[in-house]
>>> print(open('my_file.cif').read())   # mmCIF, C-alpha atoms
data_entry
loop_
_atom_site.label_atom_id
_atom_site.label_comp_id
_atom_site.auth_asym_id
_atom_site.auth_seq_id
_atom_site.Cartn_x
_atom_site.Cartn_y
_atom_site.Cartn_z
CA MET Z 1 -33.81 23.43 -20.14
CA LYS Z 2 -31.63 26.09 -18.51
CA PHE Z 3 -30.46 28.95 -20.71
CA ALA Z 4 -27.71 31.52 -20.20
CA ILE Z 5 -28.29 34.45 -22.55
CA ALA Z 6 -25.52 36.91 -23.42
CA VAL Z 7 -26.28 40.17 -25.23
CA PHE Z 8 -23.54 42.05 -27.09
CA SER Z 9 -25.48 44.82 -28.82
CA ALA Z 10 -27.23 48.10 -27.99
CA ALA Z 11 -31.00 48.40 -27.74
CA HIS Z 12 -31.24 49.91 -31.23
CA ALA Z 13 -29.65 46.85 -32.85
CA PRO Z 14 -32.07 44.24 -34.22
CA SER Z 15 -30.12 41.56 -32.33
CA SER Z 16 -31.04 43.10 -28.94
CA ARG Z 17 -34.74 42.80 -29.80
CA ARG Z 18 -34.09 39.27 -31.11
CA ALA Z 19 -32.49 38.32 -27.78
CA LEU Z 20 -35.51 39.71 -25.91
CA LEU Z 21 -37.99 37.78 -28.05
CA PHE Z 22 -35.91 34.61 -27.68
CA ALA Z 23 -35.85 35.06 -23.90
CA GLN Z 24 -39.62 35.63 -23.82
CA ALA Z 25 -40.22 32.52 -25.95
CA ALA Z 26 -37.89 30.46 -23.75
CA LEU Z 27 -39.85 31.36 -20.60
CA ALA Z 28 -43.18 30.87 -22.40
CA GLY Z 29 -41.96 27.39 -23.37
CA GLY Z 30 -41.43 26.51 -19.71
CA HIS Z 31 -37.65 26.89 -19.76
CA GLU Z 32 -35.46 28.66 -17.23
CA ILE Z 33 -33.10 31.60 -17.80
CA VAL Z 34 -30.31 31.26 -15.26
CA ARG Z 35 -28.81 34.64 -16.11
CA LEU Z 36 -28.78 37.42 -18.68
CA PHE Z 37 -25.30 38.81 -19.19
CA PHE Z 38 -24.73 42.09 -21.04
CA TYR Z 39 -21.24 42.52 -22.47
CA GLN Z 40 -19.49 44.86 -24.92
CA ASP Z 41 -22.08 47.19 -26.53
CA GLY Z 42 -24.77 45.06 -24.86
CA VAL Z 43 -24.35 47.29 -21.81
CA TYR Z 44 -26.27 49.99 -23.75
CA SER Z 45 -29.30 47.66 -23.87
CA ALA Z 46 -29.50 48.03 -20.08
CA ALA Z 47 -29.06 51.83 -19.95
CA ASN Z 48 -32.11 53.75 -18.77
CA ASN Z 49 -31.44 57.08 -20.50
CA LEU Z 50 -32.60 56.13 -23.97
CA VAL Z 51 -35.40 58.25 -25.42
CA THR Z 52 -37.31 56.49 -28.17
CA PRO Z 53 -39.89 58.23 -30.42
CA GLN Z 54 -43.43 57.28 -29.35
CA ASP Z 55 -44.14 55.28 -32.50
CA GLU Z 56 -40.99 53.20 -32.15
CA GLN Z 57 -40.24 50.20 -29.94
CA ASP Z 58 -38.40 51.02 -26.72
CA ILE Z 59 -36.35 47.85 -26.42
CA ALA Z 60 -34.32 49.02 -23.39
CA ARG Z 61 -37.57 49.64 -21.47
CA GLN Z 62 -38.95 46.28 -22.62
CA TRP Z 63 -35.81 44.56 -21.35
CA ARG Z 64 -36.18 46.31 -18.00
CA GLU Z 65 -39.84 45.35 -17.68
CA PHE Z 66 -39.18 41.76 -18.75
CA VAL Z 67 -36.33 41.28 -16.27
CA SER Z 68 -38.37 42.87 -13.46
CA ALA Z 69 -41.58 40.97 -14.21
CA HIS Z 70 -39.83 37.59 -14.17
CA GLN Z 71 -37.31 38.53 -11.46
CA LEU Z 72 -34.45 37.42 -13.67
CA ASP Z 73 -30.78 37.80 -12.87
CA GLY Z 74 -29.73 40.63 -15.19
CA VAL Z 75 -25.99 41.26 -14.98
CA VAL Z 76 -24.15 44.03 -16.81
CA CYS Z 77 -20.38 43.63 -17.14
CA ILE Z 78 -18.85 46.36 -15.00
CA ALA Z 79 -15.65 46.83 -17.04
CA ALA Z 80 -17.55 47.02 -20.34
CA ALA Z 81 -20.11 49.39 -18.79
CA LEU Z 82 -17.60 51.81 -17.25
CA ARG Z 83 -15.70 52.02 -20.54
CA ARG Z 84 -18.97 52.97 -22.30
CA GLY Z 85 -20.33 55.37 -19.71
CA VAL Z 86 -23.07 53.15 -18.33
CA LEU Z 87 -22.98 53.78 -14.57
CA ASN Z 88 -25.15 53.04 -11.56
CA GLY Z 89 -25.30 55.38 -8.58
CA GLU Z 90 -22.45 53.70 -6.76
CA GLU Z 91 -20.06 53.86 -9.72
CA ALA Z 92 -21.06 57.43 -10.59
CA THR Z 93 -20.15 58.44 -7.03
CA ARG Z 94 -16.94 56.42 -7.09
CA TYR Z 95 -15.72 58.05 -10.31
CA GLN Z 96 -17.32 61.44 -9.66
CA ARG Z 97 -19.61 61.42 -12.69
CA THR Z 98 -22.84 63.41 -12.78
CA ALA Z 99 -24.99 61.00 -14.79
CA VAL Z 100 -26.47 57.75 -13.54
CA ASN Z 101 -28.02 55.64 -16.31
CA LEU Z 102 -28.28 52.17 -14.80
CA ASP Z 103 -30.46 51.04 -11.91
CA ALA Z 104 -32.67 48.14 -10.85
CA PRO Z 105 -33.26 45.48 -12.06
CA TRP Z 106 -29.69 45.45 -13.39
CA ALA Z 107 -26.62 44.57 -11.37
CA LEU Z 108 -23.06 45.49 -12.31
CA SER Z 109 -20.63 42.63 -11.91
CA GLY Z 110 -17.63 40.93 -13.49
CA LEU Z 111 -16.97 38.34 -16.18
CA GLY Z 112 -16.99 35.62 -13.54
CA GLN Z 113 -20.78 35.90 -13.69
CA LEU Z 114 -20.71 34.95 -17.38
CA HIS Z 115 -18.56 31.88 -16.68
CA ASP Z 116 -20.73 30.96 -13.71
CA ALA Z 117 -23.82 31.12 -15.96
CA VAL Z 118 -22.12 28.94 -18.60
CA GLN Z 119 -21.41 26.35 -15.89
CA THR Z 120 -24.98 26.40 -14.57
CA ALA Z 121 -26.86 26.48 -17.87
CA ASP Z 122 -27.49 23.72 -20.42
CA ARG Z 123 -27.08 26.21 -23.25
CA LEU Z 124 -25.28 29.50 -23.75
CA ILE Z 125 -26.95 31.66 -26.41
CA CYS Z 126 -25.29 34.88 -27.58
CA PHE Z 127 -26.91 37.75 -29.45
CA GLY Z 128 -25.07 40.59 -31.13
CA GLY Z 129 -24.29 42.33 -34.39
CA PRO Z 130 -27.10 43.41 -36.69
CA MET F 1 -22.23 16.64 -30.87
CA SER F 2 -24.01 19.07 -33.17
CA THR F 3 -23.86 22.84 -33.40
CA LEU F 4 -26.47 25.38 -34.46
CA HIS F 5 -24.60 28.26 -36.11
CA VAL F 6 -26.45 31.58 -36.02
CA VAL F 7 -25.52 34.20 -38.62
CA SER F 8 -27.06 37.69 -38.70
CA HIS F 9 -24.73 39.49 -41.13
CA SER F 10 -25.41 39.64 -44.87
CA PRO F 11 -23.06 37.31 -46.77
CA PHE F 12 -22.78 39.97 -49.48
CA THR F 13 -20.93 42.46 -47.24
CA ASP F 14 -19.38 40.25 -44.61
CA SER F 15 -17.28 37.09 -44.34
CA ARG F 16 -19.01 35.46 -41.36
CA LEU F 17 -21.21 33.11 -43.38
CA ALA F 18 -18.26 32.07 -45.57
CA SER F 19 -16.17 31.30 -42.47
CA CYS F 20 -19.08 29.45 -40.89
CA LEU F 21 -19.56 27.34 -44.02
CA ARG F 22 -15.86 26.49 -43.99
CA VAL F 23 -15.92 25.02 -40.48
CA CYS F 24 -19.43 23.68 -40.00
CA ALA F 25 -19.81 19.91 -39.82
CA SER F 26 -22.35 17.75 -41.65
CA GLN F 27 -24.43 17.27 -38.49
CA ASP F 28 -24.59 21.05 -37.89
CA ALA F 29 -27.23 23.54 -39.01
CA ILE F 30 -27.23 27.24 -39.83
CA LEU F 31 -29.93 29.64 -38.69
CA LEU F 32 -30.08 32.84 -40.71
CA CYS F 33 -31.54 35.87 -38.99
CA GLY F 34 -31.41 39.64 -39.42
CA ASP F 35 -29.50 40.54 -42.59
CA GLY F 36 -28.17 37.00 -42.51
CA ALA F 37 -31.52 36.09 -44.07
CA TYR F 38 -30.19 37.52 -47.35
CA GLY F 39 -28.08 34.36 -47.33
CA LEU F 40 -31.12 32.66 -48.87
CA HIS F 41 -29.90 34.29 -52.11
CA ASN F 42 -26.40 32.83 -51.65
CA PRO F 43 -25.87 29.71 -53.80
CA ALA F 44 -22.99 28.55 -51.55
CA LEU F 45 -25.48 27.77 -48.80
CA GLN F 46 -27.51 25.43 -50.94
CA THR F 47 -24.51 23.55 -52.30
CA ARG F 48 -22.84 23.10 -48.87
CA GLY F 49 -25.41 20.48 -47.89
CA VAL F 50 -25.97 21.50 -44.24
CA LYS F 51 -29.43 22.07 -42.84
CA VAL F 52 -30.53 25.69 -43.20
CA PHE F 53 -33.14 27.53 -41.15
CA VAL F 54 -34.27 31.15 -41.40
CA LEU F 55 -36.06 33.27 -38.80
CA ALA F 56 -39.53 33.78 -40.29
CA GLU F 57 -39.91 37.46 -39.32
CA ASP F 58 -36.65 38.40 -41.06
CA MET F 59 -37.63 36.54 -44.21
CA GLN F 60 -41.07 38.15 -44.21
CA ALA F 61 -39.75 41.67 -43.56
CA ARG F 62 -37.33 41.36 -46.49
CA ASP F 63 -39.84 39.69 -48.82
CA LEU F 64 -37.53 36.73 -49.34
CA PRO F 65 -39.01 33.55 -50.82
CA LEU F 66 -38.38 30.35 -48.84
CA PRO F 67 -36.38 27.96 -51.02
CA ASP F 68 -37.11 24.24 -50.79
CA TRP F 69 -33.68 23.62 -49.18
CA ALA F 70 -34.45 25.80 -46.13
CA ASP F 71 -37.05 25.83 -43.35
CA SER F 72 -38.44 28.83 -41.50
CA VAL F 73 -38.83 29.05 -37.73
CA ASP F 74 -40.57 31.47 -35.36
CA TYR F 75 -39.19 32.26 -31.88
CA PRO F 76 -40.56 29.12 -30.20
CA GLY F 77 -38.97 27.25 -33.12
CA PHE F 78 -35.67 29.07 -32.52
CA VAL F 79 -35.79 28.02 -28.85
CA GLN F 80 -36.49 24.43 -29.91
CA LEU F 81 -33.56 24.44 -32.36
CA SER F 82 -31.25 25.63 -29.59
CA ILE F 83 -32.33 22.55 -27.63
CA ASP F 84 -32.22 20.10 -30.55
CA TYR F 85 -28.59 21.02 -31.24
CA ASP F 86 -26.00 20.47 -28.52
CA LYS F 87 -24.66 24.02 -28.62
CA VAL F 88 -25.33 27.34 -30.29
CA ASN F 89 -22.50 29.26 -31.95
CA THR F 90 -23.59 32.79 -32.81
CA TRP F 91 -21.22 34.56 -35.20
CA LEU F 92 -21.37 37.89 -33.34
CA MET O 1 -17.03 18.31 -14.08
CA SER O 2 -16.69 21.84 -15.42
CA LYS O 3 -18.15 22.66 -18.81
CA SER O 4 -15.63 23.66 -21.44
CA LEU O 5 -15.87 26.86 -23.45
CA LEU O 6 -14.24 27.68 -26.77
CA VAL O 7 -13.84 31.38 -27.59
CA ILE O 8 -13.33 32.16 -31.28
CA SER O 9 -11.75 35.60 -31.65
CA ARG O 10 -12.29 37.14 -35.10
CA GLN O 11 -11.43 40.79 -34.51
CA ALA O 12 -8.28 42.61 -35.52
CA PRO O 13 -6.37 44.02 -32.53
CA TRP O 14 -6.71 47.70 -33.46
CA SER O 15 -10.42 47.98 -34.26
CA GLY O 16 -11.64 48.99 -30.80
CA PRO O 17 -11.99 47.08 -27.55
CA GLY O 18 -13.44 43.94 -29.19
CA ALA O 19 -10.27 41.86 -29.35
CA ARG O 20 -9.26 42.76 -25.80
CA GLU O 21 -12.76 42.06 -24.47
CA ALA O 22 -12.75 38.63 -26.15
CA LEU O 23 -9.39 37.90 -24.54
CA ASP O 24 -10.73 39.09 -21.16
CA ILE O 25 -13.40 36.37 -21.31
CA VAL O 26 -10.67 33.79 -21.87
CA LEU O 27 -8.43 35.13 -19.09
CA ALA O 28 -11.35 35.28 -16.65
CA GLY O 29 -12.20 31.66 -17.48
CA GLY O 30 -8.57 30.68 -16.91
CA ALA O 31 -8.51 32.54 -13.60
CA PHE O 32 -11.47 30.42 -12.45
CA ASP O 33 -9.63 27.24 -13.54
CA LEU O 34 -12.23 26.47 -16.18
CA PRO O 35 -11.42 24.42 -19.26
CA ILE O 36 -11.21 27.10 -21.90
CA GLY O 37 -9.90 27.19 -25.45
CA LEU O 38 -9.07 30.10 -27.73
CA LEU O 39 -9.12 30.03 -31.51
CA PHE O 40 -7.98 32.97 -33.63
CA MET O 41 -9.82 33.14 -36.92
CA ASP O 42 -10.41 35.62 -39.77
CA ASP O 43 -8.95 39.05 -38.83
CA GLY O 44 -8.41 37.70 -35.31
CA VAL O 45 -5.17 36.09 -36.52
CA PHE O 46 -3.70 39.60 -36.87
CA GLN O 47 -3.53 39.61 -33.06
CA LEU O 48 -0.75 37.03 -33.39
CA ALA O 49 1.43 38.99 -35.81
CA PRO O 50 4.88 39.74 -34.35
CA HIS O 51 6.47 43.18 -33.92
CA GLN O 52 3.25 45.17 -33.58
CA ASP O 53 3.67 48.57 -31.98
CA ALA O 54 0.81 49.53 -29.69
CA LYS O 55 2.54 52.79 -28.78
CA ALA O 56 2.10 54.09 -32.34
CA LEU O 57 -1.64 54.31 -31.57
CA GLN O 58 -1.21 55.12 -27.88
CA GLN O 59 -2.86 51.81 -27.01
CA LYS O 60 -2.11 49.21 -24.40
CA ASP O 61 -0.12 46.27 -25.71
CA LEU O 62 -2.46 43.34 -26.34
CA SER O 63 0.46 40.95 -26.77
CA ALA O 64 1.18 41.20 -23.03
CA ASN O 65 -2.30 39.77 -22.41
CA LEU O 66 -1.66 37.05 -24.97
CA GLN O 67 1.53 36.11 -23.20
CA ALA O 68 -0.42 35.87 -19.96
CA LEU O 69 -2.62 33.06 -21.33
CA GLY O 70 -0.22 30.37 -20.10
CA LEU O 71 -0.01 31.95 -16.64
CA PHE O 72 -3.81 31.79 -16.46
CA GLY O 73 -3.74 28.11 -17.33
CA VAL O 74 -5.03 28.60 -20.89
CA ASP O 75 -2.89 26.25 -22.97
CA ASP O 76 -5.35 25.39 -25.73
CA VAL O 77 -4.61 28.22 -28.14
CA PHE O 78 -5.21 27.70 -31.84
CA ALA O 79 -5.14 29.66 -35.08
CA CYS O 80 -7.06 29.04 -38.30
CA SER O 81 -4.47 28.12 -40.94
CA HIS O 82 -6.79 29.23 -43.76
CA SER O 83 -7.06 32.72 -42.20
CA LEU O 84 -3.27 32.87 -41.71
CA ALA O 85 -2.55 31.84 -45.31
CA GLU O 86 -5.20 34.21 -46.70
CA ARG O 87 -3.42 37.09 -44.94
CA GLY O 88 0.11 36.00 -45.77
CA LEU O 89 0.99 35.35 -42.13
CA ALA O 90 3.40 32.66 -41.02
CA SER O 91 2.31 30.12 -38.42
CA PRO O 92 2.70 31.81 -35.04
CA ALA O 93 4.77 30.30 -32.26
CA SER O 94 2.06 30.92 -29.68
CA ALA O 95 -0.87 29.14 -31.34
CA GLN O 96 -1.34 25.77 -32.97
CA PRO O 97 -2.53 26.10 -36.60
CA LEU O 98 -5.64 24.11 -37.51
CA ASN O 99 -7.24 23.53 -40.90
CA SER O 100 -10.99 23.81 -41.45
CA ALA O 101 -11.72 20.13 -40.76
CA GLU O 102 -9.69 20.30 -37.55
CA ILE O 103 -11.62 23.43 -36.49
CA SER O 104 -14.87 21.52 -37.06
CA THR O 105 -13.60 18.81 -34.72
CA LEU O 106 -12.41 21.43 -32.21
CA ILE O 107 -15.84 23.12 -32.06
CA ASP O 108 -17.40 19.70 -31.61
CA ARG O 109 -15.16 18.91 -28.65
CA TYR O 110 -16.21 21.89 -26.49
CA ASP O 111 -19.45 22.10 -24.51
CA GLN O 112 -20.15 25.72 -25.47
CA VAL O 113 -18.76 28.08 -28.10
CA MET O 114 -18.79 31.84 -28.51
CA THR O 115 -17.54 33.64 -31.60
CA LEU O 116 -16.81 37.33 -31.21
#
>>> encode(input="my_file.cif", output="structure tokens")
Amino acid sequence: MKFAIAVFSAAHAPSSRRALLFAQAALAGGHEIVRLFFYQDGVYSAANNLVTPQDEQDIARQWREFVSAHQLDGVVCIAAALRRGVLNGEEATRYQRTAVNLDAPWALSGLGQLHDAVQTADRLICFGGP
Amino acid sequence: MSTLHVVSHSPFTDSRLASCLRVCASQDAILLCGDGAYGLHNPALQTRGVKVFVLAEDMQARDLPLPDWADSVDYPGFVQLSIDYDKVNTWL
Amino acid sequence: MSKSLLVISRQAPWSGPGAREALDIVLAGGAFDLPIGLLFMDDGVFQLAPHQDAKALQQKDLSANLQALGLFGVDDVFACSHSLAERGLASPASAQPLNSAEISTLIDRYDQVMTL
């Protein structure tokens, strides 16, 4: 089964962790994830400037490692990310901002990538809220 | 076609579960997760007559008893539910 | 054949970017000629209220985007009649009111659904 997974919440929200565990279980079950799409506050789940206390789960790092390890297509909505200050090097240069808080394995792209994933996948699963 | 509705907000502070119950069809199911698991204490869920699932970790964390009208699932079970139903509608 | 997507918009227009970002998904789908439906429900029906004044909050006017739906080929626009009645709103001209049973059928008809 092919899944498209959309994440709408920041790394500190329980639903971001839930999305990660769902994605891990889907791959472990032999299924395919055609794309992960991070929208609205979900763009914060892809930011690399989070500092988590040592005795707490670092969900943003776990997302990064999971996407890298499985070479998944992790797309962060560019409009949602810019609005929330989540920028890769290219966008930081373009808008003359000093901080860069998004890099590999994430790619910034548009909402077309969400629709494309919906068309390719058998199921769209969204995670957000608490 | 059948829909798995996923609700993660508590029904005691939020209207999502009530709205979901209003529009869900008899062949649909509801998966409670996060604070949505507190919905196990909501009598409306039991009387509505749709299938109810709860994410086991959220039930366990909140020390909620599993009523006989609901079933608990782990993450592989959640993945399976999303396949068993034709689509998944998360009430974000 | 393209898969159809129903977007259920539940957010009031002035509570942050949520309502606009939900509408952006719909407009993007329309721009790609995809079969897409939009249902306003719960506080989302406030987006349809007439005579709102975005300038009072120095915001962009969301109603312009709503009017663009037709231009983007999005003709399946609905509103939950229960939510309208609960909030004392009249049936809007721009969306077809549906009762709860009809919304059940609507959700059933689409391949995928997202509620935000």
>>> resolve_selection(input="my_file.cif", expression="the PyMOL selection byres ((chain O) within 6 of (chain F))", output="list in words")
Ser100, Ser104, Asp108, Gln112, Val113, Met114, Thr115 and Leu116 of chain O
>>> resolve_selection(input="my_file.cif", expression="the PyMOL selection byres ((chain F) within 10 of (chain Z))", output="list of chain:residue names")
F:Val6, F:Val7, F:Ser8, F:His9, F:Ser10, F:Cys33, F:Gly34, F:Asp35, F:Gly36, F:Leu55, F:Asp74, F:Tyr75, F:Pro76, F:Gly77, F:Phe78, F:Val79, F:Gln80, F:Ser82, F:Ile83, F:Tyr85, F:Asp86, F:Lys87, F:Val88, F:Asn89, F:Thr90, F:Trp91, F:Leu92
>>> write_last_selection(input="my_file.cif", atoms="C-alpha atoms", output="compact mmCIF listing (two decimals), in the coordinates of the input")
# COMPACT_ATOMS: atom_id res chain seq x y z
CA VAL F 6 -26.45 31.58 -36.02
CA VAL F 7 -25.52 34.20 -38.62
CA SER F 8 -27.06 37.69 -38.70
CA HIS F 9 -24.73 39.49 -41.13
CA SER F 10 -25.41 39.64 -44.87
CA CYS F 33 -31.54 35.87 -38.99
CA GLY F 34 -31.41 39.64 -39.42
CA ASP F 35 -29.50 40.54 -42.59
CA GLY F 36 -28.17 37.00 -42.51
CA LEU F 55 -36.06 33.27 -38.80
CA ASP F 74 -40.57 31.47 -35.36
CA TYR F 75 -39.19 32.26 -31.88
CA PRO F 76 -40.56 29.12 -30.20
CA GLY F 77 -38.97 27.25 -33.12
CA PHE F 78 -35.67 29.07 -32.52
CA VAL F 79 -35.79 28.02 -28.85
CA GLN F 80 -36.49 24.43 -29.91
CA SER F 82 -31.25 25.63 -29.59
CA ILE F 83 -32.33 22.55 -27.63
CA TYR F 85 -28.59 21.02 -31.24
CA ASP F 86 -26.00 20.47 -28.52
CA LYS F 87 -24.66 24.02 -28.62
CA VAL F 88 -25.33 27.34 -30.29
CA ASN F 89 -22.50 29.26 -31.95
CA THR F 90 -23.59 32.79 -32.81
CA TRP F 91 -21.22 34.56 -35.20
CA LEU F 92 -21.37 37.89 -33.34
>>> interface_residues(input="my_file.cif", of="chain O", to="chain Z", cutoff="7 Å", atoms="only C-alpha atoms", output="PDB file with C-alpha atoms, in the frame of the given file")
ATOM      1  CA  SER O   2     -16.690  21.840 -15.420  1.00  0.00           C
ATOM      2  CA  LYS O   3     -18.150  22.660 -18.810  1.00  0.00           C
ATOM      3  CA  ILE O  25     -13.400  36.370 -21.310  1.00  0.00           C
ATOM      4  CA  ALA O  28     -11.350  35.280 -16.650  1.00  0.00           C
ATOM      5  CA  GLY O  29     -12.200  31.660 -17.480  1.00  0.00           C
ATOM      6  CA  GLN O 112     -20.150  25.720 -25.470  1.00  0.00           C
TER       7      GLN O 112
END
>>> closest_residue(input="my_file.cif", among="F:Leu4, F:Leu31, F:Asp68, F:Phe12", to="Val54 (chain F)", atoms="only C-alpha atoms")
F:Leu31
>>> atom_distance(input="my_file.cif", atom1="CA of Gly85 (chain Z)", atom2="CA of Leu108 (chain Z)")
12.6 Å
>>> resolve_selection(input="my_file.cif", expression="the PyMOL selection byres ((chain O and resi 63) around 10)", output="PyMOL selection string")
chain O and resi 13+20+47-54+60-62+64-68
>>> atom_distance(input="my_file.cif", atom1="CA of Asp111 (chain O)", atom2="CA of Ser4 (chain O)")
5.1 Å
>>> residues_around(input="my_file.cif", residues="Val51 (chain Z)", least_positions_apart="4", cutoff="10 Å", atoms="all atoms listed in the file", output="PyMOL selection string")
chain Z and resi 58+60-61
>>> write_last_selection(input="my_file.cif", atoms="C-alpha atoms", output="PDB file, keeping the file's coordinate frame")
ATOM      1  CA  ASP Z  58     -38.400  51.020 -26.720  1.00  0.00           C
ATOM      2  CA  ALA Z  60     -34.320  49.020 -23.390  1.00  0.00           C
ATOM      3  CA  ARG Z  61     -37.570  49.640 -21.470  1.00  0.00           C
TER       4      ARG Z  61
END
>>> decode(input="my_file.cif", residues="region 1-25 of chain O", atoms="N, CA and C atoms", output="PDB file, in the first residue's frame")
ATOM      1  N   MET O   1      -7.664   8.059 -14.208  1.00  0.00           N
ATOM      2  CA  MET O   1      -8.562   9.104 -13.717  1.00  0.00           C
ATOM      3  C   MET O   1      -8.020   9.701 -12.421  1.00  0.00           C
ATOM      4  N   SER O   2      -8.142  11.009 -12.304  1.00  0.00           N
ATOM      5  CA  SER O   2      -7.603  11.681 -11.112  1.00  0.00           C
ATOM      6  C   SER O   2      -8.415  11.328  -9.872  1.00  0.00           C
ATOM      7  N   LYS O   3      -7.705  11.236  -8.760  1.00  0.00           N
ATOM      8  CA  LYS O   3      -8.393  11.003  -7.480  1.00  0.00           C
ATOM      9  C   LYS O   3      -8.996  12.305  -6.982  1.00  0.00           C
ATOM     10  N   SER O   4     -10.168  12.197  -6.400  1.00  0.00           N
ATOM     11  CA  SER O   4     -10.847  13.399  -5.905  1.00  0.00           C
ATOM     12  C   SER O   4     -10.506  13.637  -4.435  1.00  0.00           C
ATOM     13  N   LEU O   5     -10.500  14.913  -4.077  1.00  0.00           N
ATOM     14  CA  LEU O   5     -10.157  15.298  -2.704  1.00  0.00           C
ATOM     15  C   LEU O   5     -11.204  16.268  -2.177  1.00  0.00           C
ATOM     16  N   LEU O   6     -11.715  15.959  -0.990  1.00  0.00           N
ATOM     17  CA  LEU O   6     -12.639  16.877  -0.318  1.00  0.00           C
ATOM     18  C   LEU O   6     -11.891  17.557   0.829  1.00  0.00           C
ATOM     19  N   VAL O   7     -11.895  18.886   0.827  1.00  0.00           N
ATOM     20  CA  VAL O   7     -11.299  19.647   1.931  1.00  0.00           C
ATOM     21  C   VAL O   7     -12.428  20.186   2.800  1.00  0.00           C
ATOM     22  N   ILE O   8     -12.392  19.856   4.073  1.00  0.00           N
ATOM     23  CA  ILE O   8     -13.392  20.368   5.021  1.00  0.00           C
ATOM     24  C   ILE O   8     -12.718  21.469   5.836  1.00  0.00           C
ATOM     25  N   SER O   9     -13.219  22.691   5.683  1.00  0.00           N
ATOM     26  CA  SER O   9     -12.589  23.845   6.333  1.00  0.00           C
ATOM     27  C   SER O   9     -13.407  24.233   7.562  1.00  0.00           C
ATOM     28  N   ARG O  10     -12.805  24.128   8.731  1.00  0.00           N
ATOM     29  CA  ARG O  10     -13.523  24.322  10.001  1.00  0.00           C
ATOM     30  C   ARG O  10     -13.098  25.576  10.747  1.00  0.00           C
ATOM     31  N   GLN O  11     -12.175  26.353  10.168  1.00  0.00           N
ATOM     32  CA  GLN O  11     -11.610  27.466  10.934  1.00  0.00           C
ATOM     33  C   GLN O  11     -12.252  28.796  10.582  1.00  0.00           C
ATOM     34  N   ALA O  12     -12.468  29.602  11.598  1.00  0.00           N
ATOM     35  CA  ALA O  12     -12.970  30.953  11.377  1.00  0.00           C
ATOM     36  C   ALA O  12     -11.926  31.743  10.595  1.00  0.00           C
ATOM     37  N   PRO O  13     -12.369  32.758   9.836  1.00  0.00           N
ATOM     38  CA  PRO O  13     -11.434  33.455   8.948  1.00  0.00           C
ATOM     39  C   PRO O  13     -10.397  34.317   9.667  1.00  0.00           C
ATOM     40  N   TRP O  14     -10.640  34.698  10.907  1.00  0.00           N
ATOM     41  CA  TRP O  14      -9.747  35.664  11.560  1.00  0.00           C
ATOM     42  C   TRP O  14      -8.945  35.044  12.698  1.00  0.00           C
ATOM     43  N   SER O  15      -8.706  33.741  12.655  1.00  0.00           N
ATOM     44  CA  SER O  15      -8.003  33.092  13.764  1.00  0.00           C
ATOM     45  C   SER O  15      -6.588  32.690  13.371  1.00  0.00           C
ATOM     46  N   GLY O  16      -5.988  33.419  12.428  1.00  0.00           N
ATOM     47  CA  GLY O  16      -4.643  33.060  11.979  1.00  0.00           C
ATOM     48  C   GLY O  16      -4.702  32.560  10.554  1.00  0.00           C
ATOM     49  N   PRO O  17      -3.582  32.028  10.068  1.00  0.00           N
ATOM     50  CA  PRO O  17      -3.527  31.673   8.643  1.00  0.00           C
ATOM     51  C   PRO O  17      -4.276  30.393   8.277  1.00  0.00           C
ATOM     52  N   GLY O  18      -4.875  29.705   9.255  1.00  0.00           N
ATOM     53  CA  GLY O  18      -5.475  28.392   9.009  1.00  0.00           C
ATOM     54  C   GLY O  18      -6.496  28.357   7.883  1.00  0.00           C
ATOM     55  N   ALA O  19      -7.444  29.301   7.920  1.00  0.00           N
ATOM     56  CA  ALA O  19      -8.510  29.291   6.913  1.00  0.00           C
ATOM     57  C   ALA O  19      -7.940  29.536   5.517  1.00  0.00           C
ATOM     58  N   ARG O  20      -7.012  30.512   5.436  1.00  0.00           N
ATOM     59  CA  ARG O  20      -6.396  30.820   4.149  1.00  0.00           C
ATOM     60  C   ARG O  20      -5.570  29.635   3.639  1.00  0.00           C
ATOM     61  N   GLU O  21      -4.857  28.972   4.550  1.00  0.00           N
ATOM     62  CA  GLU O  21      -4.018  27.848   4.119  1.00  0.00           C
ATOM     63  C   GLU O  21      -4.866  26.652   3.673  1.00  0.00           C
ATOM     64  N   ALA O  22      -6.057  26.502   4.274  1.00  0.00           N
ATOM     65  CA  ALA O  22      -6.973  25.445   3.814  1.00  0.00           C
ATOM     66  C   ALA O  22      -7.460  25.772   2.397  1.00  0.00           C
ATOM     67  N   LEU O  23      -7.806  27.038   2.204  1.00  0.00           N
ATOM     68  CA  LEU O  23      -8.278  27.483   0.893  1.00  0.00           C
ATOM     69  C   LEU O  23      -7.167  27.358  -0.164  1.00  0.00           C
ATOM     70  N   ASP O  24      -5.925  27.614   0.243  1.00  0.00           N
ATOM     71  CA  ASP O  24      -4.796  27.481  -0.686  1.00  0.00           C
ATOM     72  C   ASP O  24      -4.673  26.055  -1.221  1.00  0.00           C
ATOM     73  N   ILE O  25      -4.961  25.070  -0.368  1.00  0.00           N
ATOM     74  CA  ILE O  25      -4.915  23.675  -0.827  1.00  0.00           C
ATOM     75  C   ILE O  25      -5.957  23.477  -1.937  1.00  0.00           C
TER      76      ILE O  25
END
